$ cat my_file_38.pdb   # PDB, C-alpha atoms
ATOM      1  CA  MET A 256      68.149  99.554 160.082
ATOM      2  CA  PHE A 257      71.503  98.093 159.143
ATOM      3  CA  GLY A 258      71.841 100.187 156.040
ATOM      4  CA  PHE A 259      73.481  97.562 153.818
ATOM      5  CA  ARG A 260      74.293  98.977 150.417
ATOM      6  CA  PRO A 261      75.112  96.965 147.326
ATOM      7  CA  LEU A 262      78.814  96.852 146.434
ATOM      8  CA  PRO A 263      79.906  98.960 143.462
ATOM      9  CA  PRO A 264      80.867  97.062 140.296
ATOM     10  CA  GLY A 265      84.150  95.238 140.876
ATOM     11  CA  GLY A 266      83.923  95.764 144.632
ATOM     12  CA  ARG A 267      83.641  92.096 145.450
ATOM     13  CA  SER A 268      86.742  91.141 143.464
ATOM     14  CA  ARG A 269      88.681  93.991 145.135
ATOM     15  CA  ILE A 270      87.676  92.687 148.555
ATOM     16  CA  ARG A 271      88.737  89.186 147.538
ATOM     17  CA  ALA A 272      92.093  90.450 146.237
ATOM     18  CA  THR A 273      92.684  92.486 149.403
ATOM     19  CA  ARG A 274      91.906  89.460 151.554
ATOM     20  CA  ALA A 275      94.295  87.291 149.526
ATOM     21  CA  LEU A 276      97.040  89.901 149.878
ATOM     22  CA  PHE A 277      96.495  90.096 153.625
ATOM     23  CA  ILE A 278      96.634  86.326 154.008
ATOM     24  CA  ARG A 279      99.745  86.086 151.872
ATOM     25  CA  HIS A 280     101.733  88.937 153.408
ATOM     26  CA  GLY A 281     100.084  89.713 156.743
ATOM     27  CA  ALA A 282     100.583  86.172 157.992
ATOM     28  CA  GLU A 283     104.323  86.036 157.264
ATOM     29  CA  GLY A 284     105.116  86.335 160.961
ATOM     30  CA  THR A 285     102.955  83.400 162.018
ATOM     31  CA  PRO A 286     104.164  79.767 162.082
ATOM     32  CA  GLU A 287     101.827  78.977 159.189
ATOM     33  CA  GLY A 288     103.050  81.961 157.178
ATOM     34  CA  ARG A 289     106.710  81.124 157.816
ATOM     35  CA  SER A 290     106.163  77.520 156.816
ATOM     36  CA  LEU A 291     104.392  78.531 153.607
ATOM     37  CA  ARG A 292     107.242  80.883 152.722
ATOM     38  CA  LEU A 293     109.746  78.042 153.190
ATOM     39  CA  LEU A 294     107.568  75.778 151.059
ATOM     40  CA  ARG A 295     107.398  78.340 148.245
ATOM     41  CA  GLU A 296     111.200  78.697 148.338
ATOM     42  CA  TRP A 297     111.606  74.962 147.783
ATOM     43  CA  LEU A 298     109.026  74.610 145.010
ATOM     44  CA  SER A 299     110.029  74.759 141.362
ATOM     45  CA  PRO A 300     108.692  77.783 139.445
ATOM     46  CA  ALA A 301     106.061  75.557 137.813
ATOM     47  CA  GLN A 302     104.976  74.082 141.146
ATOM     48  CA  ARG A 303     104.828  77.561 142.705
ATOM     49  CA  GLU A 304     102.643  78.809 139.873
ATOM     50  CA  GLN A 305     100.401  75.772 140.107
ATOM     51  CA  PHE A 306     100.063  76.168 143.875
ATOM     52  CA  ALA A 307      99.195  79.850 143.570
ATOM     53  CA  ARG A 308      96.588  79.268 140.890
ATOM     54  CA  LYS A 309      95.036  75.984 141.942
ATOM     55  CA  GLY A 310      95.831  75.461 145.613
ATOM     56  CA  TYR A 311      97.838  72.305 144.942
ATOM     57  CA  PHE A 312     101.052  71.280 143.206
ATOM     58  CA  GLU A 313     102.222  68.062 141.627
ATOM     59  CA  VAL A 314     105.360  66.016 142.214
ATOM     60  CA  VAL A 315     106.797  62.901 140.569
ATOM     61  CA  GLY A 316     107.554  59.844 142.688
ATOM     62  CA  SER A 317     111.242  58.971 142.858
ATOM     63  CA  TYR A 318     110.741  55.248 142.311
ATOM     64  CA  SER A 319     107.664  54.710 140.147
ATOM     65  CA  GLY A 320     107.540  57.973 138.227
ATOM     66  CA  LYS A 321     103.879  58.292 139.257
ATOM     67  CA  ARG A 322     102.423  61.767 139.649
ATOM     68  CA  TYR A 323     101.084  62.890 142.997
ATOM     69  CA  ARG A 324      99.042  65.969 143.797
ATOM     70  CA  ILE A 325      99.711  67.663 147.126
ATOM     71  CA  HIS A 326      96.781  69.825 148.193
ATOM     72  CA  ALA A 327      96.867  72.548 150.821
ATOM     73  CA  GLY A 328      96.381  70.658 154.065
ATOM     74  CA  ALA A 329      98.128  68.842 156.844
ATOM     75  CA  SER A 330      96.475  65.431 156.449
ATOM     76  CA  VAL A 331      94.399  63.490 153.915
ATOM     77  CA  ASN A 332      95.798  65.875 151.293
ATOM     78  CA  VAL A 333      97.933  63.750 148.924
ATOM     79  CA  CYS A 334      96.563  61.872 145.983
ATOM     80  CA  GLU A 335      98.035  59.772 143.186
ATOM     81  CA  ILE A 336      97.069  61.058 139.735
ATOM     82  CA  GLY A 337      96.266  58.765 136.847
ATOM     83  CA  GLU A 338      97.445  59.153 133.259
ATOM     84  CA  ARG A 339      94.395  61.220 132.321
ATOM     85  CA  GLY A 340      94.729  63.436 135.376
ATOM     86  CA  ARG A 341      92.051  61.627 137.356
ATOM     87  CA  LEU A 342      92.353  61.175 141.114
ATOM     88  CA  GLN A 343      93.450  57.682 142.024
ATOM     89  CA  GLU A 344      94.456  56.447 145.458
ATOM     90  CA  GLY A 345      94.800  58.915 148.322
ATOM     91  CA  LEU A 346      97.798  58.688 150.636
ATOM     92  CA  CYS A 347      97.638  60.038 154.177
ATOM     93  CA  PHE A 348     101.026  60.594 155.795
ATOM     94  CA  MET A 349     102.732  63.451 157.600
ATOM     95  CA  PRO A 350     105.728  64.222 159.796
ATOM     96  CA  ILE A 351     105.193  63.668 163.522
ATOM     97  CA  GLY A 352     104.585  66.706 165.692
ATOM     98  CA  ALA A 353     102.116  69.493 165.203
ATOM     99  CA  LEU A 354     103.863  71.193 162.302
ATOM    100  CA  PRO A 355     102.275  74.061 160.392
ATOM    101  CA  ILE A 356     100.735  73.335 157.034
ATOM    102  CA  GLY A 357     103.623  74.493 154.808
ATOM    103  CA  ASP A 358     106.137  72.319 156.655
ATOM    104  CA  VAL A 359     103.890  69.280 156.313
ATOM    105  CA  MET A 360     103.494  69.863 152.579
ATOM    106  CA  LEU A 361     107.231  70.423 152.059
ATOM    107  CA  ALA A 362     108.059  67.225 153.963
ATOM    108  CA  GLN A 363     105.514  65.367 151.784
ATOM    109  CA  LYS A 364     107.045  66.794 148.598
ATOM    110  CA  ILE A 365     110.637  65.930 149.553
ATOM    111  CA  ALA A 366     109.640  62.460 150.732
ATOM    112  CA  LEU A 367     107.737  61.572 147.547
ATOM    113  CA  GLU A 368     110.517  62.942 145.343
ATOM    114  CA  THR A 369     113.350  61.219 147.199
ATOM    115  CA  CYS A 370     112.010  58.136 149.030
ATOM    116  CA  GLU A 371     108.649  57.237 147.531
ATOM    117  CA  GLY A 372     108.908  53.608 148.661
ATOM    118  CA  GLU A 373     109.203  54.561 152.328
ATOM    119  CA  VAL A 374     106.236  56.898 151.973
ATOM    120  CA  ARG A 375     104.044  54.232 150.425
ATOM    121  CA  ALA A 376     105.064  51.824 153.186
ATOM    122  CA  VAL A 377     103.821  54.087 155.993
ATOM    123  CA  ALA A 378     100.932  55.941 154.314
ATOM    124  CA  ARG A 379      97.324  55.130 155.095
ATOM    125  CA  ARG A 380      95.201  54.736 151.954
ATOM    126  CA  PHE A 381      91.919  56.512 151.382
ATOM    127  CA  THR A 382      89.475  56.964 148.544
ATOM    128  CA  PRO A 383      89.619  60.604 147.492
ATOM    129  CA  ASN A 384      86.562  62.691 146.774
ATOM    130  CA  GLY A 385      85.888  66.346 146.103
ATOM    131  CA  PHE A 386      85.303  67.072 149.782
ATOM    132  CA  HIS A 387      88.894  66.193 150.695
ATOM    133  CA  PHE A 388      90.403  68.641 148.249
ATOM    134  CA  ARG A 389      88.188  71.711 148.292
ATOM    135  CA  GLN A 390      90.232  74.872 147.973
ATOM    136  CA  THR A 391      89.044  77.163 150.733
ATOM    137  CA  ARG A 392      91.914  79.599 151.114
ATOM    138  CA  PRO A 393      94.410  81.221 148.775
ATOM    139  CA  LEU A 394      97.693  79.932 150.198
ATOM    140  CA  GLY A 395     100.052  79.985 147.260
TER     141      GLY A 395
ATOM    142  CA  MET B  79     126.873  81.610 155.085
ATOM    143  CA  ALA B  80     125.180  78.230 155.136
ATOM    144  CA  ILE B  81     122.009  77.407 157.019
ATOM    145  CA  GLN B  82     120.309  74.474 158.694
ATOM    146  CA  ILE B  83     116.509  74.753 158.883
ATOM    147  CA  VAL B  84     114.705  72.535 161.352
ATOM    148  CA  MET B  85     110.937  72.220 161.000
ATOM    149  CA  ASP B  86     109.059  72.715 164.243
ATOM    150  CA  ARG B  87     105.828  74.119 165.654
ATOM    151  CA  THR B  88     107.005  77.689 165.072
ATOM    152  CA  GLY B  89     107.397  77.042 161.335
ATOM    153  CA  ASP B  90     111.117  76.475 161.507
ATOM    154  CA  SER B  91     114.230  77.144 163.565
ATOM    155  CA  ARG B  92     117.113  78.521 161.529
ATOM    156  CA  HIS B  93     120.762  77.895 162.375
ATOM    157  CA  PRO B  94     123.109  79.861 160.121
ATOM    158  CA  PHE B  95     126.790  79.030 160.237
ATOM    159  CA  ASN B  96     129.990  79.990 158.475
ATOM    160  CA  PRO B  97     131.407  76.879 156.767
ATOM    161  CA  ASP B  98     134.868  78.471 156.782
ATOM    162  CA  ASP B  99     134.852  78.650 160.566
ATOM    163  CA  ALA B 100     135.987  75.297 161.986
ATOM    164  CA  GLN B 101     134.168  75.786 165.268
ATOM    165  CA  GLU B 102     130.846  76.682 163.640
ATOM    166  CA  LEU B 103     131.235  73.861 161.152
ATOM    167  CA  ALA B 104     131.798  71.350 163.958
ATOM    168  CA  LYS B 105     128.690  72.623 165.727
ATOM    169  CA  ALA B 106     126.649  72.281 162.525
ATOM    170  CA  GLN B 107     127.982  68.757 162.028
ATOM    171  CA  GLN B 108     127.037  67.848 165.587
ATOM    172  CA  ARG B 109     123.524  69.267 165.084
ATOM    173  CA  PHE B 110     123.181  67.255 161.870
ATOM    174  CA  TYR B 111     123.964  63.951 163.566
ATOM    175  CA  GLU B 112     121.876  64.702 166.656
ATOM    176  CA  LEU B 113     118.848  65.426 164.498
ATOM    177  CA  THR B 114     119.226  62.479 162.133
ATOM    178  CA  LYS B 115     119.824  60.166 165.090
ATOM    179  CA  ALA B 116     116.570  61.460 166.571
ATOM    180  CA  GLY B 117     114.733  60.416 163.387
ATOM    181  CA  PHE B 118     114.808  63.622 161.362
ATOM    182  CA  THR B 119     115.340  63.406 157.606
ATOM    183  CA  ALA B 120     117.874  65.806 156.116
ATOM    184  CA  ALA B 121     117.485  67.147 152.587
ATOM    185  CA  VAL B 122     119.420  69.636 150.500
ATOM    186  CA  ARG B 123     118.311  71.648 147.503
ATOM    187  CA  THR B 124     119.992  70.514 144.313
ATOM    188  CA  GLY B 125     118.237  72.866 141.890
ATOM    189  CA  PRO B 126     115.018  74.825 141.479
ATOM    190  CA  GLY B 127     112.378  72.587 143.007
ATOM    191  CA  LEU B 128     114.809  69.671 143.256
ATOM    192  CA  SER B 129     116.106  68.129 146.443
ATOM    193  CA  SER B 130     117.943  65.069 147.641
ATOM    194  CA  GLN B 131     118.208  63.338 150.974
ATOM    195  CA  ILE B 132     121.582  63.194 152.668
ATOM    196  CA  ARG B 133     122.587  60.710 155.320
ATOM    197  CA  SER B 134     125.935  62.198 156.257
ATOM    198  CA  PHE B 135     126.932  65.776 156.922
ATOM    199  CA  ASP B 136     127.778  67.775 153.794
ATOM    200  CA  PRO B 137     129.977  70.759 154.697
ATOM    201  CA  THR B 138     129.395  72.294 151.255
ATOM    202  CA  ALA B 139     125.572  72.282 151.473
ATOM    203  CA  GLU B 140     124.260  75.835 151.522
ATOM    204  CA  GLU B 141     120.814  74.979 152.827
ATOM    205  CA  THR B 142     119.767  71.822 154.644
ATOM    206  CA  VAL B 143     116.221  71.244 155.815
ATOM    207  CA  PHE B 144     115.298  68.723 158.514
ATOM    208  CA  PHE B 145     111.843  67.263 158.970
ATOM    209  CA  PRO B 146     110.608  64.768 161.577
ATOM    210  CA  ARG B 147     109.891  61.100 160.915
ATOM    211  CA  LEU B 148     106.900  60.388 158.677
ATOM    212  CA  VAL B 149     103.912  58.427 159.897
ATOM    213  CA  GLY B 150     100.654  57.296 158.343
ATOM    214  CA  GLY B 151      97.613  59.413 159.207
TER     215      GLY B 151
END

$ encode --input "my_file_38.pdb" --output "structure tokens"
Amino acid sequence: MFGFRPLPPGGRSRIRATRALFIRHGAEGTPEGRSLRLLREWLSPAQREQFARKGYFEVVGSYSGKRYRIHAGASVNVCEIGERGRLQEGLCFMPIGALPIGDVMLAQKIALETCEGEVRAVARRFTPNGFHFRQTRPLG
Amino acid sequence: MAIQIVMDRTGDSRHPFNPDDAQELAKAQQRFYELTKAGFTAAVRTGPGLSSQIRSFDPTAEETVFFPRLVGG
């Protein structure tokens, strides 16, 4: 009745690539798209590459030298990384106001890289797990 | 041209100004202090992926971004 036909070989990956292109370029005019463009402009080439490939990027704390991973998200999305790359303590903090996702992530990056102590003073701690950091959308 | 970028619900509001124009520079300086007084943090790009916070107006900064006060979630 519905006439579903199987996709030709490679069809699924083409659909996925088309969807990623649409999200990346078609959303440029939205608040979220504008904020993600600003974020990408402020990332280092390595961070930009990491964000595009993995959906997160890492920064180094200005005071302790600790590594933090900032995942795509507007809350419960920052995690301290241990020496062997394992997730340690999660930090939940964000700028006030309902800012789009890219702005939140850029504020988190700048804050950790320039005033880590202030961040740690206000952030709520959480125990990270896989659920918090699932990559659901290609944002990089 | 220099630019001040203020994060908001729309993504950002952009305020370009000519640093060689005294009137535009004064307006940019006024915006800087109004925003930081209201709790915004100002940061400038110092290199690829590098930034630093500034607490007083820098007339030579090409791009300054302002984000609201941080709170715990």

$ axis_aligned_box --input "my_file_38.pdb" --around "region 99-102 of chain B" --padding-each-side "4 Å" --output "JSON"
{"center_x": 133.4, "center_y": 77.0, "center_z": 162.9, "size_x": 13.1, "size_y": 11.4, "size_z": 12.7}

$ closest_atom_pairs --input "my_file_38.pdb" --of "chain A" --to "chain B" --cutoff "8 Å" --atoms "only C-alpha atoms" --output "Markdown table"
| residue | atom | partner | partner_atom | distance |
| --- | --- | --- | --- | --- |
| A:Thr285 | CA | B:Thr88 | CA | 7.6 |
| A:Pro286 | CA | B:Gly89 | CA | 4.3 |
| A:Glu287 | CA | B:Gly89 | CA | 6.3 |
| A:Gly288 | CA | B:Gly89 | CA | 7.8 |
| A:Arg289 | CA | B:Gly89 | CA | 5.4 |
| A:Ser290 | CA | B:Gly89 | CA | 4.7 |
| A:Trp297 | CA | B:Gly127 | CA | 5.4 |
| A:Leu298 | CA | B:Gly127 | CA | 4.4 |
| A:Ser299 | CA | B:Gly127 | CA | 3.6 |
| A:Pro300 | CA | B:Pro126 | CA | 7.3 |
| A:Gln302 | CA | B:Gly127 | CA | 7.8 |
| A:Ser330 | CA | B:Gly151 | CA | 6.7 |
| A:Val331 | CA | B:Gly151 | CA | 7.4 |
| A:Cys347 | CA | B:Gly151 | CA | 5.1 |
| A:Phe348 | CA | B:Gly150 | CA | 4.2 |
| A:Met349 | CA | B:Leu148 | CA | 5.3 |
| A:Pro350 | CA | B:Leu148 | CA | 4.2 |
| A:Ile351 | CA | B:Pro146 | CA | 5.9 |
| A:Gly352 | CA | B:Arg87 | CA | 7.5 |
| A:Ala353 | CA | B:Arg87 | CA | 5.9 |
| A:Leu354 | CA | B:Arg87 | CA | 4.9 |
| A:Pro355 | CA | B:Gly89 | CA | 6.0 |
| A:Gly357 | CA | B:Gly89 | CA | 8.0 |
| A:Asp358 | CA | B:Met85 | CA | 6.5 |
| A:Ala362 | CA | B:Phe145 | CA | 6.3 |
| A:Ile365 | CA | B:Ser129 | CA | 6.7 |
| A:Glu368 | CA | B:Ser129 | CA | 7.7 |
| A:Thr369 | CA | B:Ser130 | CA | 6.0 |
| A:Val374 | CA | B:Leu148 | CA | 7.6 |
| A:Val377 | CA | B:Gly150 | CA | 5.1 |
| A:Ala378 | CA | B:Gly150 | CA | 4.3 |
| A:Arg379 | CA | B:Gly150 | CA | 5.1 |

$ atom_distance --input "my_file_38.pdb" --atom1 "CA of Asp136 (chain B)" --atom2 "CA of Ala376 (chain A)"
27.8 Å

$ resolve_selection --input "my_file_38.pdb" --expression "the PyMOL selection byres ((chain B and resi 81) around 10)" --output "PDB file with C-alpha atoms, in the frame of the given file"
ATOM      1  CA  MET B  79     126.873  81.610 155.085  1.00  0.00           C
ATOM      2  CA  ALA B  80     125.180  78.230 155.136  1.00  0.00           C
ATOM      3  CA  GLN B  82     120.309  74.474 158.694  1.00  0.00           C
ATOM      4  CA  ILE B  83     116.509  74.753 158.883  1.00  0.00           C
ATOM      5  CA  VAL B  84     114.705  72.535 161.352  1.00  0.00           C
ATOM      6  CA  ARG B  92     117.113  78.521 161.529  1.00  0.00           C
ATOM      7  CA  HIS B  93     120.762  77.895 162.375  1.00  0.00           C
ATOM      8  CA  PRO B  94     123.109  79.861 160.121  1.00  0.00           C
ATOM      9  CA  PHE B  95     126.790  79.030 160.237  1.00  0.00           C
ATOM     10  CA  ASN B  96     129.990  79.990 158.475  1.00  0.00           C
ATOM     11  CA  PRO B  97     131.407  76.879 156.767  1.00  0.00           C
ATOM     12  CA  ALA B 106     126.649  72.281 162.525  1.00  0.00           C
ATOM     13  CA  ALA B 139     125.572  72.282 151.473  1.00  0.00           C
ATOM     14  CA  GLU B 140     124.260  75.835 151.522  1.00  0.00           C
ATOM     15  CA  GLU B 141     120.814  74.979 152.827  1.00  0.00           C
ATOM     16  CA  THR B 142     119.767  71.822 154.644  1.00  0.00           C
ATOM     17  CA  VAL B 143     116.221  71.244 155.815  1.00  0.00           C
TER      18      VAL B 143
END
